[in-house]
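The file target22.cif contains mmCIF, C-alpha atoms:
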data_start
loop_
_atom_site.label_atom_id
_atom_site.label_comp_id
_atom_site.auth_asym_id
_atom_site.auth_seq_id
_atom_site.Cartn_x
_atom_site.Cartn_y
_atom_site.Cartn_z
CA MET G 1 15.79 -5.52 -7.41
CA ALA G 2 14.95 -2.41 -9.47
CA THR G 3 13.00 -1.16 -6.47
CA LEU G 4 16.01 -1.50 -4.20
CA ILE G 5 18.33 0.25 -6.63
CA THR G 6 15.85 3.14 -7.06
CA ILE G 7 15.30 3.61 -3.33
CA TYR G 8 18.94 3.31 -2.32
CA SER G 9 20.21 5.63 -5.04
CA LEU G 10 17.55 8.20 -4.11
CA LEU G 11 18.55 7.88 -0.47
CA ILE G 12 22.27 8.24 -1.16
CA ILE G 13 21.75 11.38 -3.25
CA ALA G 14 19.35 12.89 -0.72
CA LEU G 15 21.67 12.06 2.18
CA ILE G 16 24.72 13.62 0.54
CA VAL G 17 22.81 16.81 -0.28
CA SER G 18 21.36 16.92 3.22
CA LEU G 19 24.72 16.41 4.93
CA ILE G 20 26.35 19.11 2.82
CA LYS G 21 23.58 21.59 3.59
CA SER G 22 23.18 20.95 7.32
CA LYS G 23 24.50 18.30 9.70
CA GLU G 24 21.97 19.38 12.31
CA LYS G 25 18.98 18.83 10.06
CA SER G 26 20.35 15.50 8.81
CA LYS G 27 20.63 14.32 12.40
CA LYS G 28 17.04 15.39 12.96
CA ALA G 29 15.98 13.40 9.89
CA PHE G 30 17.65 10.29 11.30
CA LYS G 31 15.84 10.79 14.59
CA VAL G 32 12.46 11.16 12.88
CA ALA G 33 13.15 8.03 10.80
CA LEU G 34 14.25 5.90 13.75
CA LYS G 35 11.30 6.96 15.87
CA ALA G 36 8.83 6.24 13.06
CA LEU G 37 10.41 2.84 12.40
CA LEU G 38 10.30 1.84 16.08
CA LYS G 39 6.71 3.00 16.46
CA THR G 40 5.57 1.02 13.44
CA ALA G 41 7.55 -2.12 14.34
CA PRO G 42 4.65 -4.00 16.02
CA SER G 43 2.36 -3.33 13.04
CA LEU G 44 5.11 -4.45 10.67
CA LEU G 45 5.47 -7.75 12.52
CA THR G 46 1.68 -8.17 12.49
CA VAL G 47 1.53 -7.63 8.74
CA LEU G 48 4.41 -10.07 8.17
CA GLY G 49 2.63 -12.75 10.20
CA ILE G 50 -0.72 -12.25 8.50
CA VAL G 51 0.84 -12.24 5.04
CA GLY G 52 2.49 -15.57 5.79
CA LEU G 53 -0.68 -17.13 7.18
CA THR G 54 -2.95 -16.00 4.34
CA LEU G 55 -0.53 -16.89 1.55
CA GLY G 56 0.37 -20.17 3.23
CA ILE G 57 -3.28 -21.17 3.22
CA LEU G 58 -4.50 -19.43 0.05
CA THR G 59 -2.03 -20.72 -2.50
CA PRO G 60 -2.55 -19.96 -6.23
CA GLU G 61 -3.94 -23.51 -6.64
CA ILE G 62 -6.51 -23.00 -3.87
CA ILE G 63 -7.48 -19.61 -5.29
CA SER G 64 -8.06 -21.04 -8.77
CA LYS G 65 -10.13 -23.83 -7.26
CA LEU G 66 -12.26 -21.35 -5.28
CA VAL G 67 -12.74 -18.95 -8.16
CA GLY G 68 -13.15 -21.59 -10.83
CA ALA G 69 -15.58 -23.83 -8.93
CA GLU G 70 -18.48 -21.40 -8.88
CA ALA G 71 -19.98 -19.42 -11.72
CA GLY G 72 -21.64 -16.05 -12.08
CA PHE G 73 -22.31 -13.63 -9.29
CA LEU G 74 -21.11 -15.82 -6.42
CA ALA G 75 -17.78 -16.42 -8.14
CA THR G 76 -17.34 -12.66 -8.51
CA ILE G 77 -17.97 -12.06 -4.82
CA ILE G 78 -15.56 -14.84 -3.82
CA ALA G 79 -12.96 -13.47 -6.22
CA ALA G 80 -13.38 -9.96 -4.81
CA LEU G 81 -12.97 -11.23 -1.23
CA LEU G 82 -9.91 -13.31 -2.14
CA GLY G 83 -8.36 -10.33 -3.88
CA ALA G 84 -9.03 -8.11 -0.87
CA ILE G 85 -7.46 -10.58 1.57
CA THR G 86 -4.39 -11.72 -0.32
CA LEU G 87 -1.23 -9.83 -1.13
CA ILE G 88 0.19 -11.44 -4.25
CA PRO G 89 2.99 -9.99 -6.38
CA SER G 90 1.71 -8.96 -9.83
CA LEU G 91 4.12 -11.37 -11.51
CA VAL G 92 2.16 -14.21 -9.87
CA ALA G 93 -1.31 -12.63 -9.88
CA PHE G 94 -1.64 -11.66 -13.54
CA PRO G 95 -0.57 -15.02 -15.02
CA LEU G 96 -2.96 -16.69 -12.55
CA ALA G 97 -5.78 -14.34 -13.60
CA GLY G 98 -4.97 -14.93 -17.27
CA SER G 99 -5.09 -18.71 -16.91
CA LEU G 100 -8.37 -18.50 -14.96
CA LEU G 101 -9.84 -16.35 -17.74
CA ARG G 102 -8.81 -18.87 -20.40
CA SER G 103 -10.18 -21.76 -18.37
CA GLY G 104 -13.65 -20.21 -18.33
CA ALA G 105 -13.89 -17.61 -15.56
CA THR G 106 -15.84 -14.50 -16.60
CA VAL G 107 -14.29 -11.09 -17.21
CA MET G 108 -16.37 -9.77 -14.30
CA THR G 109 -14.90 -12.32 -11.89
CA ILE G 110 -11.33 -11.75 -13.00
CA SER G 111 -11.60 -7.97 -12.90
CA ALA G 112 -13.13 -8.18 -9.41
CA PHE G 113 -10.15 -10.27 -8.29
CA ILE G 114 -7.52 -8.01 -9.89
CA THR G 115 -9.14 -4.75 -8.79
CA THR G 116 -9.59 -5.70 -5.13
CA LEU G 117 -6.14 -7.29 -5.15
CA VAL G 118 -4.53 -3.98 -6.02
CA MET G 119 -6.98 -1.55 -4.37
CA VAL G 120 -7.83 -3.26 -1.09
CA GLY G 121 -5.22 -4.48 1.36
CA ILE G 122 -6.70 -6.24 4.36
CA VAL G 123 -3.39 -7.78 5.44
CA THR G 124 -1.56 -4.47 5.27
CA ALA G 125 -4.40 -2.65 7.08
CA PRO G 126 -2.72 -2.84 10.55
CA LEU G 127 0.23 -0.94 9.14
CA GLU G 128 -1.94 1.52 7.22
CA ILE G 129 -3.98 2.19 10.38
CA LYS G 130 -0.82 2.79 12.39
CA ILE G 131 0.59 5.21 9.81
CA LEU G 132 -2.47 6.95 8.34
CA GLY G 133 -5.18 6.44 10.94
CA LYS G 134 -8.15 4.13 11.39
CA LYS G 135 -10.74 6.29 9.64
CA PHE G 136 -8.59 6.90 6.59
CA THR G 137 -7.76 3.20 6.27
CA LEU G 138 -11.33 1.97 6.72
CA LEU G 139 -12.68 4.51 4.24
CA ARG G 140 -9.99 3.90 1.63
CA ASN G 141 -10.34 0.13 1.76
CA GLY G 142 -14.12 0.10 2.17
CA LEU G 143 -14.75 2.50 -0.70
CA GLY G 144 -12.07 0.69 -2.70
CA PHE G 145 -13.91 -2.61 -2.28
CA MET G 146 -17.21 -1.12 -3.41
CA ALA G 147 -15.52 0.63 -6.33
CA ALA G 148 -13.89 -2.66 -7.32
CA LEU G 149 -17.27 -4.41 -7.48
CA LEU G 150 -18.70 -1.59 -9.63
CA ILE G 151 -15.63 -1.62 -11.89
CA ALA G 152 -15.91 -5.40 -12.25
CA GLY G 153 -19.61 -5.11 -13.15
CA MET G 154 -18.92 -2.48 -15.79
CA MET G 155 -16.00 -4.41 -17.26
CA GLY G 156 -18.16 -7.51 -17.45
CA VAL G 157 -20.78 -5.59 -19.44
CA ILE G 158 -18.35 -3.74 -21.74
CA LEU G 159 -15.84 -6.51 -22.56
CA MET Y 1 8.49 -4.76 30.28
CA MET Y 2 4.69 -5.08 30.58
CA GLU Y 3 4.33 -2.11 28.29
CA ASN Y 4 6.45 -3.77 25.65
CA VAL Y 5 4.46 -6.99 25.90
CA LYS Y 6 1.27 -4.98 25.40
CA LYS Y 7 2.65 -3.24 22.34
CA PHE Y 8 3.55 -6.58 20.81
CA LYS Y 9 0.47 -8.52 21.85
CA VAL Y 10 -0.84 -8.96 18.30
CA PRO Y 11 2.51 -10.18 16.90
CA ILE Y 12 2.77 -12.55 19.89
CA LEU Y 13 -0.75 -13.83 19.22
CA ILE Y 14 0.17 -14.42 15.57
CA PHE Y 15 3.30 -16.27 16.63
CA LEU Y 16 1.13 -18.57 18.79
CA ILE Y 17 -1.13 -19.20 15.78
CA PHE Y 18 1.99 -20.23 13.83
CA VAL Y 19 2.95 -22.65 16.61
CA ILE Y 20 -0.52 -24.19 16.72
CA LEU Y 21 -0.57 -24.40 12.92
CA ALA Y 22 2.81 -26.15 12.99
CA LEU Y 23 1.34 -28.83 15.28
CA LEU Y 24 -1.88 -29.25 13.28
CA ASN Y 25 -0.63 -28.85 9.72
CA PRO Y 26 3.15 -28.72 9.28
CA THR Y 27 2.90 -28.33 5.48
CA ILE Y 28 0.91 -25.10 5.65
CA ALA Y 29 2.96 -23.87 8.61
CA SER Y 30 6.26 -24.29 6.80
CA ARG Y 31 4.84 -22.62 3.68
CA SER Y 32 3.58 -19.72 5.82
CA THR Y 33 6.91 -19.39 7.58
CA GLN Y 34 8.67 -19.31 4.23
CA VAL Y 35 6.35 -16.53 2.97
CA THR Y 36 6.78 -14.50 6.15
CA TRP Y 37 10.54 -14.92 5.96
CA ASP Y 38 10.61 -13.81 2.29
CA TYR Y 39 8.54 -10.72 3.06
CA PHE Y 40 10.67 -10.02 6.13
CA LYS Y 41 13.81 -9.99 4.01
CA GLU Y 42 12.13 -7.64 1.52
CA MET Y 43 10.87 -5.26 4.21
CA ALA Y 44 14.17 -5.29 6.10
CA LEU Y 45 15.93 -4.12 2.94
CA ILE Y 46 13.33 -1.60 1.80
CA LEU Y 47 11.88 0.00 4.91
CA PRO Y 48 14.93 1.52 6.65
CA PRO Y 49 15.91 3.62 3.59
CA VAL Y 50 12.24 4.53 3.03
CA PHE Y 51 11.83 5.79 6.58
CA LEU Y 52 15.09 7.69 6.28
CA LEU Y 53 13.89 9.31 3.05
CA MET Y 54 10.69 10.20 4.88
CA GLY Y 55 12.73 11.78 7.67
CA LEU Y 56 14.72 13.81 5.15
CA MET Y 57 11.49 14.93 3.46
CA GLU Y 58 10.07 15.86 6.83
CA VAL Y 59 13.08 18.05 7.54
CA TRP Y 60 13.80 19.56 4.13
CA VAL Y 61 10.69 19.78 1.96
CA PRO Y 62 9.03 23.15 2.49
CA LYS Y 63 5.39 23.11 3.49
CA ASP Y 64 4.26 25.91 1.19
CA LYS Y 65 5.60 24.11 -1.90
CA ILE Y 66 3.73 20.89 -1.14
CA GLN Y 67 0.62 22.89 -0.36
CA LYS Y 68 0.90 24.69 -3.70
CA TRP Y 69 1.66 21.58 -5.78
CA ILE Y 70 -0.71 19.02 -4.28
CA GLY Y 71 -2.73 20.89 -1.65
CA SER Y 72 -6.46 21.53 -1.57
CA GLY Y 73 -6.26 24.40 -4.07
CA SER Y 74 -4.06 22.57 -6.58
CA GLY Y 75 -6.98 21.32 -8.70
CA ILE Y 76 -6.43 19.08 -11.73
CA LYS Y 77 -2.71 19.86 -11.80
CA GLY Y 78 -2.35 18.52 -8.24
CA GLY Y 79 -4.28 15.39 -9.19
CA LEU Y 80 -2.04 14.83 -12.21
CA ILE Y 81 1.14 15.26 -10.15
CA SER Y 82 -0.18 12.74 -7.61
CA LEU Y 83 -1.08 10.30 -10.39
CA ILE Y 84 2.35 10.56 -12.01
CA LEU Y 85 4.14 10.18 -8.66
CA GLY Y 86 2.02 7.12 -7.92
CA THR Y 87 2.57 5.34 -11.24
CA LEU Y 88 6.37 5.62 -11.14
CA PRO Y 89 8.08 2.27 -10.52
CA THR Y 90 8.88 2.54 -6.83
CA GLY Y 91 7.98 -0.64 -4.98
CA PRO Y 92 5.26 -2.12 -2.79
CA LEU Y 93 2.37 -0.15 -1.31
CA TYR Y 94 3.64 -0.18 2.27
CA VAL Y 95 6.46 2.07 1.07
CA ALA Y 96 3.84 4.68 0.13
CA PHE Y 97 2.19 4.85 3.58
CA PRO Y 98 4.99 6.78 5.37
CA MET Y 99 5.45 8.98 2.29
CA THR Y 100 1.73 9.80 2.32
CA ALA Y 101 1.82 10.61 6.03
CA THR Y 102 4.61 13.13 5.51
CA LEU Y 103 2.91 14.68 2.48
CA VAL Y 104 -0.40 15.09 4.34
CA ARG Y 105 1.43 16.84 7.18
CA LYS Y 106 3.07 19.10 4.63
CA GLY Y 107 -0.33 20.15 3.32
CA ALA Y 108 -1.21 17.67 0.56
CA SER Y 109 -4.97 17.27 0.11
CA ILE Y 110 -6.71 14.01 1.00
CA THR Y 111 -8.12 13.70 -2.53
CA ASN Y 112 -4.65 13.87 -4.02
CA MET Y 113 -3.29 11.39 -1.48
CA VAL Y 114 -6.04 8.88 -2.29
CA ILE Y 115 -5.13 9.27 -5.98
CA PHE Y 116 -1.44 8.87 -5.08
CA LEU Y 117 -1.95 5.73 -2.98
CA GLY Y 118 -4.47 4.29 -5.43
CA SER Y 119 -2.30 4.77 -8.50
CA TRP Y 120 0.69 3.46 -6.54
CA ALA Y 121 -1.26 0.29 -5.79
CA ALA Y 122 -3.36 -0.17 -8.90
CA LEU Y 123 -1.89 1.78 -11.83
CA LYS Y 124 1.86 1.21 -11.61
CA ILE Y 125 3.60 1.26 -14.97
CA PRO Y 126 5.62 -2.00 -14.60
CA GLN Y 127 2.52 -3.72 -13.22
CA LEU Y 128 0.44 -2.50 -16.18
CA MET Y 129 2.98 -4.00 -18.55
CA VAL Y 130 2.61 -7.42 -16.92
CA GLU Y 131 -1.17 -6.99 -17.02
CA VAL Y 132 -1.18 -6.20 -20.76
CA LYS Y 133 0.89 -9.31 -21.40
CA PHE Y 134 -1.43 -11.69 -19.55
CA LEU Y 135 -4.87 -10.04 -19.76
CA GLY Y 136 -4.69 -7.97 -22.92
CA VAL Y 137 -4.71 -4.29 -23.86
CA SER Y 138 -8.48 -3.73 -23.72
CA PHE Y 139 -8.79 -5.28 -20.23
CA THR Y 140 -5.86 -3.26 -18.90
CA GLY Y 141 -6.94 -0.02 -20.58
CA LEU Y 142 -10.51 -0.24 -19.38
CA ARG Y 143 -9.44 -1.12 -15.84
CA PHE Y 144 -7.02 1.81 -15.85
CA VAL Y 145 -9.71 4.33 -16.89
CA LEU Y 146 -12.40 3.01 -14.52
CA THR Y 147 -9.97 2.77 -11.59
CA LEU Y 148 -8.77 6.33 -12.15
CA ILE Y 149 -12.36 7.65 -12.18
CA ALA Y 150 -13.10 5.63 -9.02
CA LEU Y 151 -10.01 7.01 -7.26
CA VAL Y 152 -10.99 10.62 -7.95
CA ILE Y 153 -14.53 10.00 -6.63
CA MET Y 154 -13.16 8.12 -3.58
CA GLY Y 155 -10.75 10.94 -2.90
CA LEU Y 156 -13.47 13.58 -3.01
CA ILE Y 157 -15.71 11.52 -0.72
CA MET Y 158 -12.88 10.94 1.75
CA GLU Y 159 -11.85 14.58 1.78
CA THR Y 160 -15.45 15.54 2.57
CA VAL Y 161 -15.74 12.96 5.36
CA LEU Y 162 -12.30 13.37 6.92
CA GLY Y 163 -11.63 17.05 6.40
CA ARG Y 164 -8.02 17.55 7.43
CA HIS Y 165 -8.24 15.26 10.44
CA VAL Y 166 -6.12 12.26 9.74
CA GLY Y 167 -4.90 10.43 12.83
CA MET Y 168 -1.13 10.47 12.63
CA ASP Y 169 -0.06 11.00 16.23
CA TRP Y 170 2.89 8.67 15.75
CA LEU Y 171 4.99 11.30 14.02
CA PRO Y 172 6.60 14.05 16.12
CA PRO Y 173 4.04 16.85 15.94
CA GLU Y 174 6.17 19.91 15.57
CA SER Y 175 9.44 19.14 13.80
CA ASN Y 176 9.11 21.50 10.83
CA GLU Y 177 7.81 24.46 12.79
CA THR Y 178 10.44 24.23 15.55
CA MET Y 179 13.14 24.07 12.92
CA LYS Y 180 11.86 27.31 11.48
CA LYS Y 181 11.59 28.98 14.88
CA LYS Y 182 15.11 27.95 15.80
CA GLY Y 183 16.19 29.52 12.55
CA TYR Y 184 18.03 26.62 10.95
#
Final C-alpha cells representation of the file:
Amino acid sequence: MATLITIYSLLIIALIVSLIKSKEKSKKAFKVALKALLKTAPSLLTVLGIVGLTLGILTPEIISKLVGAEAGFLATIIAALLGAITLIPSLVAFPLAGSLLRSGATVMTISAFITTLVMVGIVTAPLEIKILGKKFTLLRNGLGFMAALLIAGMMGVIL
Amino acid sequence: MMENVKKFKVPILIFLIFVILALLNPTIASRSTQVTWDYFKEMALILPPVFLLMGLMEVWVPKDKIQKWIGSGSGIKGGLISLILGTLPTGPLYVAFPMTATLVRKGASITNMVIFLGSWAALKIPQLMVEVKFLGVSFTGLRFVLTLIALVIMGLIMETVLGRHVGMDWLPPESNETMKKKGY
C-alpha cells in the first residue's frame, strides 16, 4: 500500500511538471513507457507463471520441512537453493526464518536462505534478462549466489 | 499472428503446465493460480506508473548530471548515492529493473547499478526493520555489512567483465540525443 502511494504520488508530481514544461516531451515519455511495457509483457507473464508455480509447490511448510530435516552443510546448500528459487515477501520470510532458527536450524543455514532470497532471483530472471541483458543478469545472480554462501559461512562463524 | 505466438511461447508453455498441474494435483494448481493472480494484481497496479516514470526520466533527466552523480568517475560519493537510493522504501525488485536500464543509458556506472539493485533487494529499510524484529539486531547488522561489502566487490567485478556493454536493445536507442538535436 505504501509502495503504491509513493509511486503514484511521484508519478503525479512528475507528470504535472512534465506537462507544464513541454507537452511534446511528455508525449514522448508516454511512447517510451508504452513501448517498454509492451516489449516486456511476455517476460512479465512468464515471471507471473513461474512465481505461481514455485510458491504453489514450495509453501512455507514445505520449506521448513526441507530446511529443518537436514543438518549442517547440506541444509545450508538446500536453504541457499530454496532462497534463490523462491520469491517470498519479507513479512512471510523473516518470521519463517526466525521460527526455523528457534527450532534448531543453524545461523549459517538461515543466513544462506535469507541472503539468497534477497540477492538472487531465479523466478524474476526472465524479466531481468529482458530489461538488463543476459550477461548482466547471469553475472549478478551467479556472483550473488556465491557471495551469499560466503556471507552465510562468515555469519555462521561469527554469530 | 505467428510472430505473436512465438513471442508468447514461454507464457503459453507455462499455461499448459498449469493445465496439466490442475489435472494431476488440483490443490497445488489452485494455490499456484491464487499466487499468480495476487502477483498479477500487484504488478498491474505498480508497473504502468513505474514504466511511465521511467519514460519521463528518459526524456527529462540530463545525461551529464547522471554521469557526474553516479557515473564511472563518481567514486565513493556515487556508491553512497546508489546505496541510499536503493534502501529507500520503494517496492519490489522488478520495479528497479527499468529504472536501472534508464540510469545505465544515462551514464551510471555498472558498479553503482549493482550496488543500487543489491541494496534495493537486500538492504531496504522497511525490510531491515522486519528482520531486526524476527532475527535480531546482530544478525541483521552483520548481514547488512557483509552484503554491502559483497555488493561493492560484485559491482567492480561486473564492471570489469561487462565494460559498458549491457544488452538493452529493447529501449529506443536514440531518444535523448534526437531530442537535443531537434532542439526541444
Counting only C-alpha atoms, which residues from chain Y have an atom at most 7 Å from any atom of chain G, and could you show them as a ChimeraX atom specification? /Y:7-8,10-11,14,28,31-33,35-36,39-40,46,49,51-56,59,90-91,97-98,101,118,121-122,127,130-131,134-135,146,150,154,158,166-168,170-171
What is the distance between atom CA of Y:Leu83 and atom CA of Y:Met113, in Å to one decimal? 9.2 Å
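Across the structure, atom CA of G:Ile122 and atom CA of G:Asn141 are spaced 7.8 Å apart.
Going from atom CA of G:Ile78 to atom CA of Y:Thr147 covers 20.0 Å.
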Take the PyMOL selection byres ((chain Y and resi 70) around 12), apply it to the structure above, and return the hits as a PyMOL selection string. chain Y and resi 63-69+71-85+100+103-116
Determine the residue set returned by the PyMOL selection byres ((chain Y and resi 144) around 10) for the present structure, and present it as a PyMOL selection string. (chain G and resi 115) or (chain Y and resi 119+122-124+128+138-143+145-150)
Let me know the centre plus edge lengths, in Å and rounded to one decimal, of a box with edges along x, y and z that contains all listed atoms of stretch 122-133 of chain G and is padded by 8 Å on every side, as JSON.
{"center_x": -3.1, "center_y": -0.4, "center_z": 8.4, "size_x": 23.3, "size_y": 30.7, "size_z": 24.0}
Contacts of G:Thr109 within 8 Å, all atoms listed in the file, excl. fewer than 6 positions in-chain, as a ChimeraX atom specification: /G:67,72-73,75-77,79-80,152
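Closest approach to Y:Met99 from the set Y:Met57, Y:Thr87, Y:Gln34, Y:Glu159 is made by Y:Met57, with distances taken over only C-alpha atoms.
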